[in-house]
$ cat my_file-v7.txt   # compact mmCIF, C-alpha atoms
# COMPACT_ATOMS: atom_id res chain seq x y z
CA MET A 387 24.72 -65.79 22.80
CA PHE A 388 21.50 -63.81 23.44
CA CYS A 389 18.25 -65.27 24.47
CA SER A 390 15.30 -64.87 22.14
CA LYS A 391 13.70 -62.19 24.36
CA THR A 392 16.88 -60.09 24.41
CA ARG A 393 17.22 -60.36 20.60
CA LYS A 394 13.64 -59.13 20.21
CA VAL A 395 14.32 -56.14 22.49
CA MET A 396 17.54 -55.29 20.60
CA THR A 397 15.79 -55.58 17.26
CA LEU A 398 13.07 -53.27 18.53
CA LEU A 399 15.63 -50.75 19.83
CA VAL A 400 17.59 -50.73 16.55
CA SER A 401 14.39 -50.39 14.56
CA THR A 402 13.22 -47.54 16.77
CA PHE A 403 16.61 -45.84 16.48
CA PHE A 404 16.45 -45.89 12.67
CA THR A 405 12.86 -44.72 12.62
CA VAL A 406 13.65 -41.81 14.93
CA THR A 407 16.77 -40.94 12.94
CA VAL A 408 14.87 -40.89 9.64
CA PHE A 409 12.06 -38.86 11.24
CA LEU A 410 14.49 -36.32 12.71
CA SER A 411 16.31 -36.10 9.42
CA GLU A 412 13.06 -35.32 7.61
CA VAL A 413 12.09 -32.74 10.21
CA THR A 414 15.48 -31.05 9.81
CA MET A 415 15.14 -31.01 6.04
CA ALA A 416 11.67 -29.54 6.26
CA SER A 417 12.94 -26.91 8.64
CA ASP A 418 15.88 -26.11 6.36
CA ALA A 419 13.56 -25.89 3.39
CA LYS A 420 11.43 -23.37 5.29
CA SER A 421 14.41 -21.21 6.18
CA ASP A 422 15.79 -21.48 2.66
CA LEU A 423 12.75 -19.88 1.10
CA PRO A 424 13.67 -17.25 -1.48
CA THR A 425 13.40 -13.71 -0.13
CA VAL A 426 11.46 -10.88 -1.74
CA LYS A 427 12.21 -7.42 -0.36
CA ILE A 428 9.24 -5.07 -0.50
CA VAL A 429 9.31 -1.42 0.54
CA TYR A 430 6.59 -0.24 2.87
CA TRP A 431 5.60 3.30 3.85
CA ARG A 432 4.70 2.84 7.52
CA SER A 433 1.21 3.50 6.25
CA ILE A 434 -2.12 1.97 7.10
CA ASP A 435 -2.41 1.32 3.36
CA ASP A 436 0.25 -1.37 3.61
CA LEU A 437 -1.93 -3.49 5.89
CA PRO A 438 -2.19 -6.45 3.46
CA LEU A 439 1.62 -6.72 3.52
CA TYR A 440 1.78 -6.60 7.33
CA VAL A 441 -0.89 -9.29 7.57
CA GLY A 442 0.90 -11.47 5.01
CA VAL A 443 4.11 -11.32 7.05
CA GLU A 444 2.58 -11.62 10.51
CA LYS A 445 0.19 -14.45 9.66
CA GLY A 446 2.81 -16.34 7.65
CA TYR A 447 0.79 -16.20 4.43
CA PHE A 448 3.83 -15.37 2.30
CA LYS A 449 5.77 -18.30 3.77
CA GLU A 450 2.80 -20.54 3.03
CA ALA A 451 3.00 -19.31 -0.55
CA GLY A 452 6.67 -20.30 -0.65
CA ILE A 453 8.53 -17.03 -0.11
CA ASN A 454 10.04 -15.03 2.70
CA VAL A 455 8.92 -11.40 2.42
CA GLU A 456 11.11 -8.78 4.07
CA LEU A 457 9.58 -5.36 4.51
CA GLU A 458 11.97 -2.42 4.28
CA TYR A 459 11.13 1.20 5.02
CA ILE A 460 12.41 3.76 2.54
CA LYS A 461 11.02 7.28 2.55
CA GLY A 462 10.09 8.97 -0.72
CA GLU A 463 8.86 7.54 -4.00
CA SER A 464 11.98 8.56 -5.91
CA ASN A 465 14.23 6.85 -3.37
CA VAL A 466 12.11 3.71 -3.56
CA LEU A 467 12.23 3.75 -7.34
CA ALA A 468 16.02 4.12 -7.30
CA ALA A 469 16.30 1.18 -4.88
CA VAL A 470 14.04 -0.98 -7.07
CA MET A 471 15.94 -0.11 -10.25
CA ARG A 472 19.29 -0.85 -8.56
CA GLY A 473 17.94 -4.16 -7.30
CA ASP A 474 18.49 -3.24 -3.65
CA VAL A 475 14.84 -4.10 -3.10
CA ASP A 476 12.43 -6.02 -5.31
CA ALA A 477 9.18 -4.11 -5.10
CA GLY A 478 7.62 -0.89 -3.87
CA TYR A 479 4.50 1.22 -3.91
CA ILE A 480 3.89 4.04 -6.36
CA SER A 481 1.06 6.53 -6.65
CA LEU A 482 -0.98 6.51 -9.82
CA ALA A 483 0.16 10.08 -10.46
CA SER A 484 3.82 9.13 -10.32
CA LEU A 485 3.18 6.08 -12.48
CA ILE A 486 1.60 8.31 -15.11
CA LYS A 487 4.61 10.61 -14.94
CA LEU A 488 6.96 7.64 -15.34
CA ALA A 489 4.95 6.45 -18.35
CA GLU A 490 6.09 9.64 -20.10
CA LYS A 491 9.70 8.64 -19.52
CA LYS A 492 9.05 4.97 -20.32
CA VAL A 493 10.64 3.86 -17.05
CA PRO A 494 10.70 0.03 -17.10
CA ILE A 495 8.46 -0.80 -14.16
CA LYS A 496 5.02 -2.40 -13.95
CA VAL A 497 2.28 -2.13 -11.37
CA VAL A 498 1.07 -5.67 -10.75
CA MET A 499 -1.88 -4.75 -8.54
CA TRP A 500 -3.51 -1.71 -6.96
CA MET A 501 -3.59 -1.35 -3.20
CA GLY A 502 -6.83 0.51 -2.71
CA HIS A 503 -8.96 3.50 -3.56
CA ALA A 504 -10.88 6.20 -1.70
CA HIS A 505 -14.46 5.64 -0.62
CA LYS A 506 -17.20 7.37 1.35
CA GLY A 507 -15.46 6.65 4.64
CA THR A 508 -12.06 7.91 3.48
CA LYS A 509 -10.49 10.44 5.82
CA CYS A 510 -7.60 11.35 3.54
CA GLY A 511 -8.06 14.72 2.00
CA ILE A 512 -7.98 18.42 2.88
CA HIS A 513 -7.98 18.82 6.65
CA VAL A 514 -8.48 22.23 8.24
CA GLY A 515 -7.97 23.04 11.91
CA ALA A 516 -10.89 22.00 14.08
CA GLN A 517 -11.70 25.65 14.87
CA SER A 518 -10.98 26.91 11.36
CA ARG A 519 -13.27 29.49 9.77
CA TYR A 520 -13.05 27.59 6.48
CA GLN A 521 -16.16 25.50 6.09
CA THR A 522 -16.56 24.54 2.43
CA LEU A 523 -14.60 24.46 -0.82
CA GLU A 524 -16.45 27.61 -1.85
CA ASP A 525 -15.06 29.75 0.98
CA ILE A 526 -11.39 28.78 1.01
CA LYS A 527 -9.99 31.99 -0.44
CA GLY A 528 -6.76 32.84 1.36
CA LEU A 529 -6.33 29.33 2.82
CA ARG A 530 -2.75 28.53 3.81
CA ILE A 531 -2.39 24.88 2.96
CA ALA A 532 0.70 22.74 3.46
CA THR A 533 1.22 19.80 1.16
CA SER A 534 3.95 17.72 -0.41
CA GLY A 535 3.66 19.27 -3.83
CA SER A 536 3.46 15.86 -5.46
CA ILE A 537 1.44 15.59 -8.65
CA ASN A 538 -1.06 13.58 -6.64
CA SER A 539 -1.72 16.34 -4.13
CA LYS A 540 -1.48 19.12 -6.70
CA THR A 541 -4.07 17.43 -8.90
CA MET A 542 -6.40 16.79 -6.00
CA LEU A 543 -6.03 20.34 -4.71
CA THR A 544 -6.47 21.97 -8.12
CA HIS A 545 -9.60 19.95 -8.76
CA ALA A 546 -10.98 20.70 -5.30
CA LEU A 547 -10.40 24.40 -5.92
CA ALA A 548 -12.15 24.16 -9.29
CA LYS A 549 -15.12 22.52 -7.60
CA GLY A 550 -15.31 25.48 -5.23
CA GLY A 551 -14.98 27.99 -8.07
CA HIS A 552 -11.35 28.88 -7.30
CA THR A 553 -7.87 28.48 -8.73
CA MET A 554 -4.47 28.03 -7.11
CA LYS A 555 -4.07 31.83 -7.16
CA ASP A 556 -6.84 32.15 -4.58
CA ILE A 557 -4.98 30.22 -1.87
CA ARG A 558 -1.49 30.16 -0.36
CA PRO A 559 0.00 26.71 -0.88
CA LEU A 560 3.13 25.74 1.04
CA TRP A 561 4.75 23.09 -1.13
CA GLY A 562 7.11 20.47 0.23
CA SER A 563 5.52 20.28 3.65
CA THR A 564 5.27 16.65 4.64
CA PRO A 565 5.57 16.10 8.38
CA ASP A 566 6.69 12.65 9.41
CA ASN A 567 3.94 11.94 11.88
CA PRO A 568 0.43 13.01 12.88
CA MET A 569 1.72 14.91 15.93
CA GLN A 570 3.61 17.34 13.72
CA TYR A 571 0.50 17.98 11.62
CA GLU A 572 -1.46 18.52 14.78
CA ALA A 573 1.10 20.96 16.20
CA ALA A 574 1.15 22.99 12.98
CA LEU A 575 -2.64 23.23 12.88
CA ARG A 576 -3.01 24.09 16.57
CA SER A 577 -0.28 26.74 16.41
CA GLY A 578 -2.03 28.42 13.51
CA GLY A 579 1.08 28.15 11.36
CA VAL A 580 -1.05 26.72 8.60
CA ASP A 581 -4.79 26.49 8.02
CA ALA A 582 -4.86 23.12 6.32
CA PHE A 583 -3.01 20.02 5.21
CA ILE A 584 -3.56 17.43 2.55
CA VAL A 585 -3.12 14.24 4.50
CA MET B 685 -6.27 10.43 12.49
CA LEU B 686 -5.96 14.19 13.00
CA GLU B 687 -9.74 14.34 13.07
CA SER B 688 -9.88 11.62 15.71
CA HIS B 689 -7.57 13.74 17.89
CA GLY B 690 -9.92 16.69 17.61
CA ALA B 691 -7.15 18.62 15.85
CA SER B 692 -8.79 18.86 12.47
CA ARG B 693 -11.97 18.70 10.48
CA ILE B 694 -12.10 17.24 7.00
CA LEU B 695 -13.08 19.85 4.45
CA ALA B 696 -13.05 17.51 1.47
CA SER B 697 -11.79 13.96 1.18
CA PHE B 698 -10.11 12.56 -1.91
CA HIS B 699 -13.36 10.70 -2.55
CA ASP B 700 -15.35 13.96 -2.34
CA VAL B 701 -13.08 15.52 -4.94
CA VAL B 702 -12.69 12.51 -7.24
CA PRO B 703 -14.83 9.46 -6.38
CA ASN B 704 -12.84 6.24 -5.97
CA TRP B 705 -9.54 8.09 -6.20
CA VAL B 706 -6.88 5.45 -6.91
CA PHE B 707 -3.95 5.85 -4.55
CA ALA B 708 -1.08 3.48 -5.16
CA GLY B 709 0.00 0.22 -6.70
CA LEU B 710 2.56 -2.46 -5.96
CA TYR B 711 5.27 -2.52 -8.62
CA PHE B 712 8.34 -4.42 -9.72
CA SER B 713 10.94 -3.59 -12.35
CA GLU B 714 10.34 -5.18 -15.74
CA GLU B 715 13.66 -6.95 -15.39
CA TYR B 716 12.60 -8.51 -12.09
CA LEU B 717 9.29 -9.66 -13.57
CA GLN B 718 11.06 -11.29 -16.49
CA GLU B 719 13.64 -13.01 -14.30
CA ASN B 720 11.40 -13.91 -11.35
CA PRO B 721 7.85 -14.53 -12.52
CA GLU B 722 7.38 -17.36 -10.01
CA LEU B 723 8.42 -15.19 -7.05
CA THR B 724 6.12 -12.39 -8.15
CA GLN B 725 3.30 -14.90 -8.41
CA LYS B 726 4.01 -16.12 -4.88
CA VAL B 727 3.86 -12.57 -3.48
CA LEU B 728 0.41 -12.09 -4.97
CA ASN B 729 -0.67 -15.57 -3.94
CA GLY B 730 0.28 -14.70 -0.36
CA LEU B 731 -1.81 -11.57 -0.53
CA VAL B 732 -4.95 -13.60 -1.32
CA LYS B 733 -5.14 -14.75 2.30
CA SER B 734 -4.17 -11.30 3.57
CA PHE B 735 -7.14 -9.65 1.88
CA GLU B 736 -9.42 -12.41 3.09
CA PHE B 737 -8.13 -12.07 6.65
CA ILE B 738 -8.63 -8.29 6.66
CA LYS B 739 -12.17 -8.81 5.39
CA THR B 740 -13.13 -11.41 7.95
CA ASN B 741 -10.95 -10.40 10.94
CA GLU B 742 -10.54 -6.66 10.54
CA LYS B 743 -9.97 -5.95 14.22
CA GLU B 744 -7.26 -8.60 14.50
CA ALA B 745 -5.66 -7.32 11.29
CA ARG B 746 -5.64 -3.73 12.56
CA ALA B 747 -3.78 -4.92 15.66
CA PHE B 748 -0.67 -5.33 13.47
CA LEU B 749 -0.69 -1.66 12.48
CA PRO B 750 1.02 -0.03 15.51
CA LYS B 751 4.13 -2.20 15.05
CA TYR B 752 4.66 -1.04 11.48
CA THR B 753 3.14 2.45 11.40
CA ARG B 754 4.24 3.67 14.85
CA VAL B 755 0.77 5.12 15.27
CA LYS B 756 -1.05 4.63 18.56
CA GLU B 757 -3.22 1.56 18.76
CA GLU B 758 -6.44 3.43 19.52
CA LEU B 759 -6.03 5.40 16.30
CA CYS B 760 -5.09 2.32 14.30
CA MET B 761 -8.33 0.68 15.38
CA ILE B 762 -10.51 3.45 13.94
CA ALA B 763 -8.55 4.86 10.99
CA ALA B 764 -10.29 4.34 7.66
CA LEU B 765 -8.87 1.53 5.58
CA ARG B 766 -8.75 1.73 1.80
CA GLU B 767 -11.30 -0.09 -0.26
CA TYR B 768 -9.30 -2.85 -1.92
CA SER B 769 -9.61 -3.41 -5.63
CA PRO B 770 -6.48 -5.05 -7.07
CA ILE B 771 -7.74 -4.38 -10.59
CA GLU B 772 -9.03 -0.81 -10.76
CA PRO B 773 -11.42 0.05 -13.59
CA MET B 774 -9.48 1.64 -16.44
CA LYS B 775 -12.18 4.31 -16.59
CA ASN B 776 -11.16 5.57 -13.13
CA ILE B 777 -7.47 5.45 -13.95
CA GLU B 778 -7.98 7.32 -17.20
CA GLU B 779 -10.16 9.97 -15.54
CA GLN B 780 -7.49 10.65 -12.93
CA LYS B 781 -4.85 10.81 -15.63
CA GLN B 782 -6.95 13.20 -17.70
CA LEU B 783 -7.21 15.60 -14.75
CA MET B 784 -3.41 15.66 -14.49
CA VAL B 785 -3.14 16.37 -18.21
CA ASP B 786 -5.89 19.02 -18.10
CA TYR B 787 -4.25 20.85 -15.20
CA GLY B 788 -0.86 20.75 -16.88
CA PHE B 789 0.92 18.45 -14.43
CA ILE B 790 1.50 15.81 -17.11
CA LYS B 791 2.76 17.03 -20.46
CA SER B 792 2.25 14.11 -22.80
CA ASN B 793 -0.57 11.64 -22.94
CA SER B 794 1.50 8.46 -22.75
CA PRO B 795 -0.48 5.21 -22.52
CA ILE B 796 -0.75 4.11 -18.91
CA GLU B 797 -1.66 0.56 -19.94
CA ASN B 798 2.03 -0.02 -20.71
CA MET B 799 2.85 0.47 -17.04
CA ILE B 800 0.40 -2.15 -15.73
CA ASP B 801 0.74 -5.93 -15.76
CA TYR B 802 -2.15 -7.86 -14.21
CA ARG B 803 -1.09 -11.34 -15.31
CA PHE B 804 0.04 -12.36 -11.81
CA ILE B 805 -3.22 -11.53 -10.04
CA PRO B 806 -4.77 -14.75 -8.72
CA GLU B 807 -8.38 -15.48 -9.65
CA GLU B 808 -9.46 -14.96 -6.04
CA LEU B 809 -8.37 -11.32 -6.15
CA LYS B 810 -9.76 -10.36 -9.53
CA ASN B 811 -13.23 -9.49 -8.32
CA ILE B 812 -12.45 -7.86 -4.99
CA GLY B 813 -13.72 -4.33 -4.61
CA GLU B 814 -16.74 -2.14 -4.99
CA ALA B 815 -16.04 -1.83 -8.68
CA GLN B 816 -16.96 -5.49 -9.10
CA GLY B 817 -19.03 -5.96 -12.22
CA GLU B 818 -17.66 -2.86 -13.91
CA GLU B 819 -15.54 -3.24 -16.96
CA LYS B 820 -12.13 -3.29 -15.35
CA LEU B 821 -9.70 -4.09 -18.12
$ encode --input "my_file-v7.txt" --output "structure tokens"
Amino acid sequence: MFCSKTRKVMTLLVSTFFTVTVFLSEVTMASDAKSDLPTVKIVYWRSIDDLPLYVGVEKGYFKEAGINVELEYIKGESNVLAAVMRGDVDAGYISLASLIKLAEKKVPIKVVMWMGHAHKGTKCGIHVGAQSRYQTLEDIKGLRIATSGSINSKTMLTHALAKGGHTMKDIRPLWGSTPDNPMQYEAALRSGGVDAFIV
Amino acid sequence: MLESHGASRILASFHDVVPNWVFAGLYFSEEYLQENPELTQKVLNGLVKSFEFIKTNEKEARAFLPKYTRVKEELCMIAALREYSPIEPMKNIEEQKQLMVDYGFIKSNSPIENMIDYRFIPEELKNIGEAQGEEKL
């Protein structure tokens, strides 16, 4: 019915069709497998300290490792802890101070790795206004300092005061003051409302 | 960042007050670790390349910061990053803890080791950090 040349062309077409079908099928499966990666929800703090997480998501390193990481913003360590314990999210960050506090209560969480420590170039600490009369830890008597009041900041501040030969009674701490962004810190310092922040 | 804006001057950094002050750790619930050890491992495996990328392409890594932190790009490019050390020396952790106990912010001296689980840290991350060579565990 068909000449030999036509049969060869048809055979080639059928063969090509099956090859392409199998190829497309595999591509689809691979794609599905990628989108079906298990998801791990990790809380981030909108902080520069979370950079390794941002890089992992943006560069696709978590997907390469076989998971889809979703970053969720939740403000406040206690809120994050509640979300982790409820299973709303899978992981979060916690300060060493809070972890020590939770050890007292035997809260069933584990830190699996630390995300960094201070060093000579660290800018986190006690910031005074640029024109402030306070120059050193020795001359901070009367300082009005706004801070969160967390154990972390209280410990740091108390130890800084001790280094300068002072106690908490020598300054005026304003506990619970945690502005959401650098502009609010800046406004408070420039207005003279406070002399210093721990940030 | 405040300093970069000319709004503030740093009187004492955390490092000035307590050298190598340990800030925060990544944690999971014990239940999650028991039920999902392979997923936990994959999170930490993914971070291996993240740390390497930050080390070798810091500028490019910093470029991701504005999207997540809502801080202006020029500040993100100069803000001080942490020094990464996934396993902090226990000596530093204990010293920080002792200060909290001494100043009365922590009442009991509960073992902190019970709250740490390093078994998922990949080999590549175990020696990152200035504390390399110190007795970490």
$ closest_residue --input "my_file-v7.txt" --among "B:Asn720, B:Asn704, B:Asn776, B:Asn741" --to "chain A" --atoms "only C-alpha atoms"
B:Asn704
$ interface_residues --input "my_file-v7.txt" --of "chain B" --to "chain A" --cutoff "6 Å" --atoms "all atoms listed in the file" --output "ChimeraX atom specification"
/B:691-699,701,704-714,726,730,734,752-753,764,766-770,784,794,799-802
$ atom_distance --input "my_file-v7.txt" --atom1 "atom CA of Asn465 of chain A" --atom2 "atom CA of Leu717 of chain B"
20.0 Å
$ atom_distance --input "my_file-v7.txt" --atom1 "atom CA of Ala745 of chain B" --atom2 "atom CA of Ile771 of chain B"
22.2 Å
$ atom_distance --input "my_file-v7.txt" --atom1 "atom CA of Pro806 of chain B" --atom2 "atom CA of Val732 of chain B"
7.5 Å
$ closest_residue --input "my_file-v7.txt" --among "A:Gly528, A:Ser534, A:Ser577, A:Glu458" --to "His552 of chain A" --atoms "only C-alpha atoms"
A:Gly528
$ residues_near_point --input "my_file-v7.txt" --point "(4.3, 19.8, -1.2)" --cutoff "7 Å" --atoms "all atoms listed in the file" --output "list in words"
Ala532, Thr533, Ser534, Gly535, Ser536, Leu560, Trp561, Gly562, Ser563 and Thr564 of chain A
$ build_atoms --input "my_file-v7.txt" --residues "segment 727-758 of chain B" --atoms "N, CA and C atoms" --output "CSV table (one decimal), in the coordinates of the input"
chain,number,residue,atom,x,y,z
B,727,VAL,N,4.2,-13.8,-4.3
B,727,VAL,CA,3.9,-12.6,-3.5
B,727,VAL,C,2.4,-12.3,-3.6
B,728,LEU,N,1.8,-12.4,-4.8
B,728,LEU,CA,0.4,-12.1,-5.0
B,728,LEU,C,-0.5,-13.2,-4.4
B,729,ASN,N,0.1,-14.5,-4.5
B,729,ASN,CA,-0.7,-15.6,-3.9
B,729,ASN,C,-0.8,-15.4,-2.4
B,730,GLY,N,0.3,-14.9,-1.8
B,730,GLY,CA,0.3,-14.7,-0.4
B,730,GLY,C,-0.7,-13.6,0.0
B,731,LEU,N,-0.9,-12.7,-0.9
B,731,LEU,CA,-1.8,-11.6,-0.5
B,731,LEU,C,-3.3,-12.0,-0.6
B,732,VAL,N,-3.6,-13.1,-1.3
B,732,VAL,CA,-5.0,-13.6,-1.3
B,732,VAL,C,-5.5,-13.8,0.1
B,733,LYS,N,-4.7,-14.5,0.9
B,733,LYS,CA,-5.1,-14.8,2.3
B,733,LYS,C,-5.1,-13.5,3.1
B,734,SER,N,-4.2,-12.6,2.8
B,734,SER,CA,-4.2,-11.3,3.6
B,734,SER,C,-5.5,-10.5,3.4
B,735,PHE,N,-5.9,-10.4,2.1
B,735,PHE,CA,-7.1,-9.6,1.9
B,735,PHE,C,-8.3,-10.3,2.5
B,736,GLU,N,-8.3,-11.7,2.5
B,736,GLU,CA,-9.4,-12.4,3.1
B,736,GLU,C,-9.4,-12.2,4.6
B,737,PHE,N,-8.2,-12.2,5.2
B,737,PHE,CA,-8.1,-12.1,6.6
B,737,PHE,C,-8.6,-10.7,7.1
B,738,ILE,N,-8.2,-9.7,6.3
B,738,ILE,CA,-8.6,-8.3,6.7
B,738,ILE,C,-10.2,-8.2,6.6
B,739,LYS,N,-10.7,-8.9,5.6
B,739,LYS,CA,-12.2,-8.8,5.4
B,739,LYS,C,-12.9,-9.5,6.5
B,740,THR,N,-12.4,-10.6,7.0
B,740,THR,CA,-13.1,-11.4,8.0
B,740,THR,C,-12.7,-11.2,9.4
B,741,ASN,N,-11.5,-10.6,9.6
B,741,ASN,CA,-11.0,-10.4,10.9
B,741,ASN,C,-10.3,-9.0,11.0
B,742,GLU,N,-11.1,-8.0,10.7
B,742,GLU,CA,-10.5,-6.7,10.5
B,742,GLU,C,-9.9,-6.2,11.8
B,743,LYS,N,-10.5,-6.4,13.0
B,743,LYS,CA,-10.0,-6.0,14.2
B,743,LYS,C,-8.6,-6.6,14.5
B,744,GLU,N,-8.5,-7.9,14.3
B,744,GLU,CA,-7.3,-8.6,14.5
B,744,GLU,C,-6.2,-8.1,13.5
B,745,ALA,N,-6.6,-7.8,12.3
B,745,ALA,CA,-5.7,-7.3,11.3
B,745,ALA,C,-5.1,-5.9,11.7
B,746,ARG,N,-6.0,-5.1,12.1
B,746,ARG,CA,-5.6,-3.7,12.6
B,746,ARG,C,-4.6,-3.8,13.7
B,747,ALA,N,-4.7,-4.8,14.5
B,747,ALA,CA,-3.8,-4.9,15.7
B,747,ALA,C,-2.3,-5.0,15.2
B,748,PHE,N,-2.1,-5.3,14.0
B,748,PHE,CA,-0.7,-5.3,13.5
B,748,PHE,C,-0.2,-3.9,13.1
B,749,LEU,N,-1.1,-3.0,13.0
B,749,LEU,CA,-0.7,-1.7,12.5
B,749,LEU,C,0.3,-0.9,13.4
B,750,PRO,N,0.1,-0.8,14.7
B,750,PRO,CA,1.0,0.0,15.5
B,750,PRO,C,2.5,-0.4,15.3
B,751,LYS,N,2.7,-1.7,15.2
B,751,LYS,CA,4.1,-2.2,15.0
B,751,LYS,C,4.8,-1.6,13.8
B,752,TYR,N,4.1,-1.5,12.7
B,752,TYR,CA,4.7,-1.0,11.5
B,752,TYR,C,4.5,0.5,11.2
B,753,THR,N,3.4,1.0,11.7
B,753,THR,CA,3.1,2.4,11.4
B,753,THR,C,3.6,3.4,12.5
B,754,ARG,N,3.9,2.9,13.7
B,754,ARG,CA,4.2,3.7,14.8
B,754,ARG,C,3.1,4.6,15.3
B,755,VAL,N,1.9,4.3,14.9
B,755,VAL,CA,0.8,5.1,15.3
B,755,VAL,C,0.1,4.4,16.4
B,756,LYS,N,-0.4,5.2,17.4
B,756,LYS,CA,-1.0,4.6,18.6
B,756,LYS,C,-2.2,3.7,18.2
B,757,GLU,N,-2.3,2.6,19.0
B,757,GLU,CA,-3.2,1.6,18.8
B,757,GLU,C,-4.7,2.1,18.7
B,758,GLU,N,-5.0,3.0,19.5
B,758,GLU,CA,-6.4,3.4,19.5
B,758,GLU,C,-6.8,4.1,18.2
